[in-house]
file target_38.txt (compact mmCIF, C-alpha atoms)
# COMPACT_ATOMS: atom_id res chain seq x y z
CA MET A 1361 40.21 -10.54 19.49
CA SER A 1362 38.02 -12.46 21.93
CA GLU A 1363 37.85 -11.52 25.57
CA ASN A 1364 36.99 -13.37 28.73
CA ILE A 1365 33.30 -12.86 29.34
CA TYR A 1366 31.95 -12.13 32.82
CA GLY A 1367 35.48 -12.66 34.14
CA TYR A 1368 35.35 -16.35 33.24
CA ASP A 1369 38.59 -18.25 33.59
CA PRO A 1370 38.92 -20.87 30.84
CA ALA A 1371 41.37 -22.79 32.99
CA ARG A 1372 38.67 -23.42 35.59
CA SER A 1373 36.93 -26.78 35.25
CA ASP A 1374 33.72 -28.09 36.77
CA ALA A 1375 31.08 -30.65 36.00
CA ALA A 1376 28.43 -28.18 34.86
CA PRO A 1377 26.70 -28.96 31.54
CA ARG A 1378 28.17 -27.35 28.42
CA ILE A 1379 26.71 -26.36 25.05
CA ALA A 1380 28.69 -27.07 21.87
CA PHE A 1381 29.66 -24.22 19.54
CA PRO A 1382 27.36 -25.28 16.63
CA ALA A 1383 24.38 -25.41 19.01
CA LEU A 1384 25.20 -21.94 20.32
CA MET A 1385 25.41 -20.59 16.77
CA GLN A 1386 22.04 -22.12 15.95
CA LYS A 1387 20.50 -20.51 19.02
CA VAL A 1388 21.87 -17.07 18.08
CA TYR A 1389 20.24 -17.08 14.64
CA THR A 1390 17.05 -18.74 15.92
CA TRP A 1391 16.56 -16.07 18.59
CA MET A 1392 17.40 -13.31 16.14
CA THR A 1393 14.81 -14.66 13.68
CA LEU A 1394 12.19 -14.94 16.44
CA ALA A 1395 12.90 -11.34 17.51
CA LEU A 1396 12.43 -10.14 13.91
CA ALA A 1397 9.19 -12.11 13.69
CA ILE A 1398 7.93 -10.55 16.94
CA THR A 1399 8.79 -7.09 15.62
CA ALA A 1400 7.02 -7.71 12.30
CA LEU A 1401 3.92 -9.22 13.93
CA THR A 1402 3.68 -6.42 16.51
CA ALA A 1403 4.03 -3.80 13.76
CA TYR A 1404 1.22 -5.43 11.78
CA VAL A 1405 -1.11 -5.77 14.76
CA THR A 1406 -0.44 -2.17 15.84
CA MET A 1407 -1.11 -0.82 12.36
CA GLN A 1408 -4.35 -2.82 12.11
CA ASN A 1409 -5.54 -1.51 15.49
CA GLU A 1410 -6.54 2.01 14.52
CA GLY A 1411 -7.09 3.21 18.09
CA LEU A 1412 -3.70 1.97 19.28
CA PHE A 1413 -1.90 3.27 16.20
CA TYR A 1414 -3.22 6.79 16.48
CA ALA A 1415 -2.78 6.80 20.25
CA ILE A 1416 0.94 6.12 19.73
CA PHE A 1417 1.63 8.52 16.89
CA SER A 1418 -0.60 11.36 18.06
CA SER A 1419 1.20 11.62 21.39
CA LYS A 1420 4.80 12.79 21.66
CA LEU A 1421 4.81 11.55 25.25
CA ILE A 1422 4.00 8.00 24.19
CA MET A 1423 6.49 8.12 21.31
CA TRP A 1424 9.32 9.31 23.56
CA GLY A 1425 8.23 6.74 26.12
CA LEU A 1426 8.61 3.96 23.55
CA PHE A 1427 12.04 5.22 22.47
CA GLY A 1428 13.11 5.59 26.10
CA GLY A 1429 11.88 2.09 26.90
CA GLU A 1430 13.82 0.63 23.98
CA LEU A 1431 17.00 2.41 25.06
CA LEU A 1432 16.54 1.28 28.66
CA LEU A 1433 15.99 -2.36 27.69
CA VAL A 1434 19.06 -2.45 25.42
CA THR A 1435 21.16 -0.85 28.18
CA VAL A 1436 19.96 -3.35 30.79
CA LEU A 1437 20.51 -6.33 28.53
CA SER A 1438 23.96 -5.16 27.46
CA SER A 1439 25.30 -4.23 30.89
CA GLU A 1440 23.33 -6.25 33.42
CA ILE A 1441 22.57 -9.56 31.74
CA HIS A 1442 25.09 -11.39 33.96
CA ARG A 1443 22.94 -10.43 36.97
CA LEU A 1444 19.67 -11.56 35.38
CA SER A 1445 18.33 -15.06 34.97
CA PHE A 1446 18.23 -16.36 31.42
CA PRO A 1447 14.38 -16.48 31.27
CA VAL A 1448 14.18 -12.83 32.39
CA SER A 1449 16.81 -11.84 29.81
CA GLY A 1450 14.83 -13.59 27.09
CA LEU A 1451 11.61 -11.85 28.13
CA LEU A 1452 13.35 -8.46 28.06
CA PHE A 1453 14.63 -9.18 24.54
CA ALA A 1454 11.11 -10.15 23.46
CA LEU A 1455 9.70 -6.98 25.06
CA TYR A 1456 12.30 -4.88 23.24
CA SER A 1457 11.30 -6.54 19.96
CA MET A 1458 7.65 -5.70 20.66
CA LEU A 1459 8.39 -2.04 21.42
CA ASN A 1460 10.37 -1.87 18.18
CA GLY A 1461 7.38 -3.33 16.38
CA MET A 1462 5.08 -0.63 17.73
CA THR A 1463 7.30 2.12 16.34
CA PHE A 1464 7.84 0.17 13.10
CA SER A 1465 4.09 0.14 12.48
CA ALA A 1466 4.60 3.59 10.95
CA ILE A 1467 6.61 1.91 8.18
CA LEU A 1468 3.64 -0.30 7.27
CA PHE A 1469 1.46 2.80 7.22
CA LEU A 1470 3.79 4.92 5.07
CA TYR A 1471 5.27 2.42 2.59
CA THR A 1472 3.75 -0.07 0.17
CA SER A 1473 3.86 -3.72 1.16
CA GLU A 1474 5.69 -4.57 -2.07
CA SER A 1475 8.56 -2.14 -1.38
CA ILE A 1476 8.79 -3.33 2.25
CA ALA A 1477 9.04 -6.93 1.06
CA THR A 1478 11.67 -5.98 -1.54
CA THR A 1479 13.69 -4.08 1.05
CA PHE A 1480 13.48 -7.01 3.46
CA LEU A 1481 14.79 -9.41 0.82
CA VAL A 1482 17.64 -7.04 -0.09
CA THR A 1483 18.45 -6.63 3.60
CA ALA A 1484 18.40 -10.39 4.18
CA GLY A 1485 20.71 -10.95 1.21
CA THR A 1486 23.13 -8.22 2.28
CA PHE A 1487 23.07 -9.33 5.90
CA GLY A 1488 23.61 -12.97 4.95
CA SER A 1489 26.53 -12.14 2.65
CA MET A 1490 28.28 -9.99 5.26
CA SER A 1491 27.67 -12.62 7.94
CA LEU A 1492 29.34 -15.23 5.76
CA ILE A 1493 32.32 -12.91 5.33
CA GLY A 1494 32.53 -12.52 9.10
CA LEU A 1495 32.24 -16.26 9.70
CA PHE A 1496 34.80 -17.44 7.16
CA SER A 1497 37.24 -14.54 6.81
CA LYS A 1498 40.68 -15.37 8.19
CA ARG A 1499 41.47 -11.69 8.50
CA ASP A 1500 41.01 -10.07 11.91
CA LEU A 1501 38.20 -7.53 11.44
CA THR A 1502 38.75 -5.74 14.76
CA GLY A 1503 40.30 -2.69 13.09
CA MET A 1504 37.45 -2.51 10.60
CA GLY A 1505 34.94 -2.76 13.43
CA ARG A 1506 36.52 0.18 15.24
CA PHE A 1507 36.55 2.20 12.02
CA PHE A 1508 32.87 1.59 11.35
CA PHE A 1509 32.00 2.37 14.96
CA MET A 1510 33.72 5.74 14.61
CA MET A 1511 31.79 6.27 11.36
CA LEU A 1512 28.59 5.42 13.22
CA ILE A 1513 29.26 8.18 15.74
CA GLY A 1514 29.79 10.59 12.85
CA LEU A 1515 26.57 9.37 11.23
CA ILE A 1516 24.60 10.03 14.41
CA ILE A 1517 26.03 13.55 14.66
CA ALA A 1518 25.31 14.27 10.97
CA THR A 1519 21.74 12.97 11.36
CA LEU A 1520 21.14 15.22 14.36
CA VAL A 1521 22.57 18.21 12.50
CA ASN A 1522 20.32 17.48 9.54
CA LEU A 1523 17.26 17.68 11.78
CA PHE A 1524 17.91 21.43 11.71
CA LEU A 1525 19.37 21.80 8.20
CA GLN A 1526 16.76 19.62 6.48
CA SER A 1527 19.24 18.99 3.65
CA THR A 1528 18.11 16.39 1.11
CA ALA A 1529 21.68 15.86 -0.10
CA LEU A 1530 22.93 15.25 3.44
CA MET A 1531 20.05 12.86 4.06
CA TRP A 1532 21.05 10.71 1.06
CA ILE A 1533 24.71 10.80 2.10
CA CYS A 1534 23.71 9.65 5.59
CA SER A 1535 21.54 6.91 4.10
CA MET A 1536 24.37 5.57 1.95
CA ALA A 1537 26.77 5.81 4.87
CA GLY A 1538 24.29 3.92 7.04
CA VAL A 1539 24.10 1.03 4.57
CA ILE A 1540 27.91 0.81 4.39
CA ILE A 1541 28.38 1.12 8.15
CA PHE A 1542 25.86 -1.54 9.16
CA SER A 1543 27.00 -3.88 6.40
CA GLY A 1544 30.54 -3.61 7.77
CA LEU A 1545 29.36 -3.95 11.38
CA THR A 1546 27.45 -7.10 10.45
CA ALA A 1547 30.67 -8.75 9.25
CA TYR A 1548 32.57 -7.54 12.32
CA ASP A 1549 29.87 -8.53 14.82
CA THR A 1550 29.57 -11.97 13.21
CA GLN A 1551 33.30 -12.61 13.52
CA LYS A 1552 33.24 -11.33 17.10
CA MET A 1553 30.26 -13.60 17.79
CA LYS A 1554 32.18 -16.61 16.46
CA ASP A 1555 35.14 -15.89 18.75
CA VAL A 1556 32.93 -15.21 21.76
CA LEU A 1557 30.85 -18.34 21.28
CA GLN A 1558 33.95 -20.50 20.98
CA GLN A 1559 34.92 -19.21 24.40
CA ALA A 1560 31.36 -19.55 25.71
CA GLU A 1561 31.46 -23.21 24.71
CA GLN A 1562 33.55 -23.78 27.84
CA MET A 1563 31.12 -21.93 30.12
CA LYS A 1564 28.32 -23.20 32.25
CA GLN A 1565 25.16 -23.72 30.26
CA THR A 1566 23.25 -20.72 31.64
CA ASP A 1567 26.14 -18.30 31.05
CA ALA A 1568 26.63 -19.61 27.52
CA LEU A 1569 22.95 -19.06 26.77
CA LYS A 1570 23.17 -15.47 28.01
CA VAL A 1571 26.17 -14.80 25.78
CA SER A 1572 24.28 -16.26 22.82
CA LEU A 1573 21.32 -14.00 23.60
CA LEU A 1574 23.57 -10.93 23.61
CA CYS A 1575 25.04 -11.98 20.26
CA SER A 1576 21.56 -12.37 18.79
CA LEU A 1577 20.64 -8.89 20.08
CA GLU A 1578 23.68 -7.38 18.34
CA LEU A 1579 22.88 -9.06 15.03
CA TYR A 1580 19.20 -8.13 15.37
CA LEU A 1581 20.18 -4.48 15.76
CA ASP A 1582 22.49 -4.70 12.73
CA PHE A 1583 19.67 -6.19 10.64
CA ILE A 1584 17.08 -3.64 11.77
CA ASN A 1585 19.33 -0.65 11.11
CA LEU A 1586 20.44 -2.00 7.74
CA PHE A 1587 16.77 -2.47 6.80
CA LEU A 1588 15.89 1.09 7.80
CA TYR A 1589 18.67 2.64 5.71
CA LEU A 1590 17.96 0.42 2.70
CA LEU A 1591 14.29 1.36 2.94
CA ARG A 1592 15.23 4.91 2.02
CA PHE A 1593 16.43 3.60 -1.35
CA PHE A 1594 13.87 0.88 -2.05
CA GLY A 1595 10.81 2.14 -0.19
CA ASP A 1596 7.83 3.48 -2.14
CA ARG A 1597 5.42 5.62 -0.18
CA LYS A 1598 1.70 4.91 -0.48

call {"tool": "encode", "arguments": {"input": "target_38.txt", "output": "structure tokens"}}
result
Amino acid sequence: MSENIYGYDPARSDAAPRIAFPALMQKVYTWMTLALAITALTAYVTMQNEGLFYAIFSSKLIMWGLFGGELLLVTVLSSEIHRLSFPVSGLLFALYSMLNGMTFSAILFLYTSESIATTFLVTAGTFGSMSLIGLFSKRDLTGMGRFFFMMLIGLIIATLVNLFLQSTALMWICSMAGVIIFSGLTAYDTQKMKDVLQQAEQMKQTDALKVSLLCSLELYLDFINLFLYLLRFFGDRK
């Protein structure tokens, strides 16, 4: 299931420093946790700053600018990280987490803190359980990953259609599908991460760190999306 990353040839040997697999795993979850903390802190600060909050959500131009910036940063990190230095890649990930936090400030405004905390705990438990499945399952989850990716495309289409239909039933179906899809993708991405990091263990230190950063970005996105869909079930509006 694993692939050579950046065209690396495992047969090639050099004296460059290496990072062991357990250390790479630790870095993935550490960076993911830091990114979530940056998002949460930025959301809180934005919501507390009344001028900034209303400047963002009263302007469609700023809102679309934030969404466009997030999409651009994810695209750059996913496709161009091998051309970037590791410090620059890390800064772009942090910037993406901050932009996410600005848009997430609406959640703090709309939902009670108790329901947000409950949803976070449920998300953490679900994410952790699916990650453990991905880490320790001996079954190749590649087929499942492809299936859930196809479901994700269908979910995006259904969500766009519902912008016009405004169907409550379809909204709840999409919400349930979103929880299932991102739970499954968490298990798949975790197993893929394990395979990729075992290969990255043989890479030069800088390349291995970049691979770990990409893995943390994938898991961060799984966690964020899972949280958003679970919030529709556990969130209580103010």

call {"tool": "closest_atom_pairs", "arguments": {"input": "target_38.txt", "of": "range 1528-1591 of chain A", "to": "range 1514-1521 of chain A", "cutoff": "8 Å", "atoms": "all atoms listed in the file", "output": "CSV"}}
result
residue,atom,partner,partner_atom,distance
A:Leu1530,CA,A:Ala1518,CA,8.0
A:Met1531,CA,A:Thr1519,CA,7.5
A:Cys1534,CA,A:Leu1515,CA,6.3
A:Ala1537,CA,A:Leu1515,CA,7.3
A:Gly1538,CA,A:Leu1515,CA,7.2

call {"tool": "axis_aligned_box", "arguments": {"input": "target_38.txt", "around": "range 1536-1553 of chain A", "padding_each_side": "5 Å", "output": "JSON"}}
result
{"center_x": 28.7, "center_y": -3.9, "center_z": 9.9, "size_x": 19.2, "size_y": 29.4, "size_z": 25.8}

call {"tool": "closest_residue", "arguments": {"input": "target_38.txt", "among": "A:Glu1430, A:Leu1577, A:Met1553, A:Arg1592", "to": "Phe1381 in chain A", "atoms": "all atoms listed in the file"}}
result
A:Met1553

call {"tool": "atom_distance", "arguments": {"input": "target_38.txt", "atom1": "CA of Met1510 in chain A", "atom2": "CA of Leu1573 in chain A"}}
result
25.0 Å

call {"tool": "atom_distance", "arguments": {"input": "target_38.txt", "atom1": "CA of Glu1561 in chain A", "atom2": "CA of Leu1574 in chain A"}}
result
14.6 Å

call {"tool": "closest_residue", "arguments": {"input": "target_38.txt", "among": "A:Lys1552, A:Ile1441, A:Ala1395, A:Ile1422", "to": "Ser1457 in chain A", "atoms": "all atoms listed in the file"}}
result
A:Ala1395

call {"tool": "closest_residue", "arguments": {"input": "target_38.txt", "among": "A:Leu1412, A:Leu1396, A:Ile1476, A:Leu1431", "to": "Gly1595 in chain A", "atoms": "all atoms listed in the file"}}
result
A:Ile1476

call {"tool": "closest_residue", "arguments": {"input": "target_38.txt", "among": "A:Asp1555, A:Phe1469, A:Leu1569, A:Leu1588", "to": "Gln1386 in chain A", "atoms": "only C-alpha atoms"}}
result
A:Leu1569

call {"tool": "closest_residue", "arguments": {"input": "target_38.txt", "among": "A:Asp1582, A:Glu1440, A:Glu1474, A:Asp1549", "to": "Leu1501 in chain A", "atoms": "only C-alpha atoms"}}
result
A:Asp1549

call {"tool": "closest_residue", "arguments": {"input": "target_38.txt", "among": "A:Thr1546, A:Glu1410, A:Ala1380, A:Leu1432", "to": "Ser1489 in chain A", "atoms": "only C-alpha atoms"}}
result
A:Thr1546

call {"tool": "atom_distance", "arguments": {"input": "target_38.txt", "atom1": "CA of Leu1451 in chain A", "atom2": "CA of Leu1591 in chain A"}}
result
28.6 Å

call {"tool": "residues_around", "arguments": {"input": "target_38.txt", "residues": "Tyr1580 in chain A", "least_positions_apart": "5", "cutoff": "9 Å", "atoms": "all atoms listed in the file", "output": "number ranges by chain"}}
result
A: 1391-1393, 1395-1396, 1575, 1585

call {"tool": "residues_around", "arguments": {"input": "target_38.txt", "residues": "range 1504-1507 of chain A", "least_positions_apart": "5", "cutoff": "9 Å", "atoms": "all atoms listed in the file", "output": "VMD selection string"}}
result
chain A and resid 1512 1544 to 1545 1547 to 1549

call {"tool": "residues_around", "arguments": {"input": "target_38.txt", "residues": "Val1571 in chain A", "least_positions_apart": "6", "cutoff": "8 Å", "atoms": "all atoms listed in the file", "output": "compact mmCIF listing (two decimals) with C-alpha atoms, in the coordinates of the input"}}
result
# COMPACT_ATOMS: atom_id res chain seq x y z
CA VAL A 1556 32.93 -15.21 21.76
CA LEU A 1557 30.85 -18.34 21.28
CA ALA A 1560 31.36 -19.55 25.71

call {"tool": "residues_near_point", "arguments": {"input": "target_38.txt", "point": "(11.9, -7.8, 2.5)", "cutoff": "12 Å", "atoms": "only C-alpha atoms", "output": "PyMOL selection string"}}
result
chain A and resi 1396+1400+1472-1487+1583-1584+1586-1588+1590-1591+1594-1595

call {"tool": "residues_around", "arguments": {"input": "target_38.txt", "residues": "Leu1468 in chain A", "least_positions_apart": "5", "cutoff": "10 Å", "atoms": "all atoms listed in the file", "output": "ChimeraX atom specification"}}
result
/A:1400,1403-1404,1406-1408,1473,1476,1597-1598
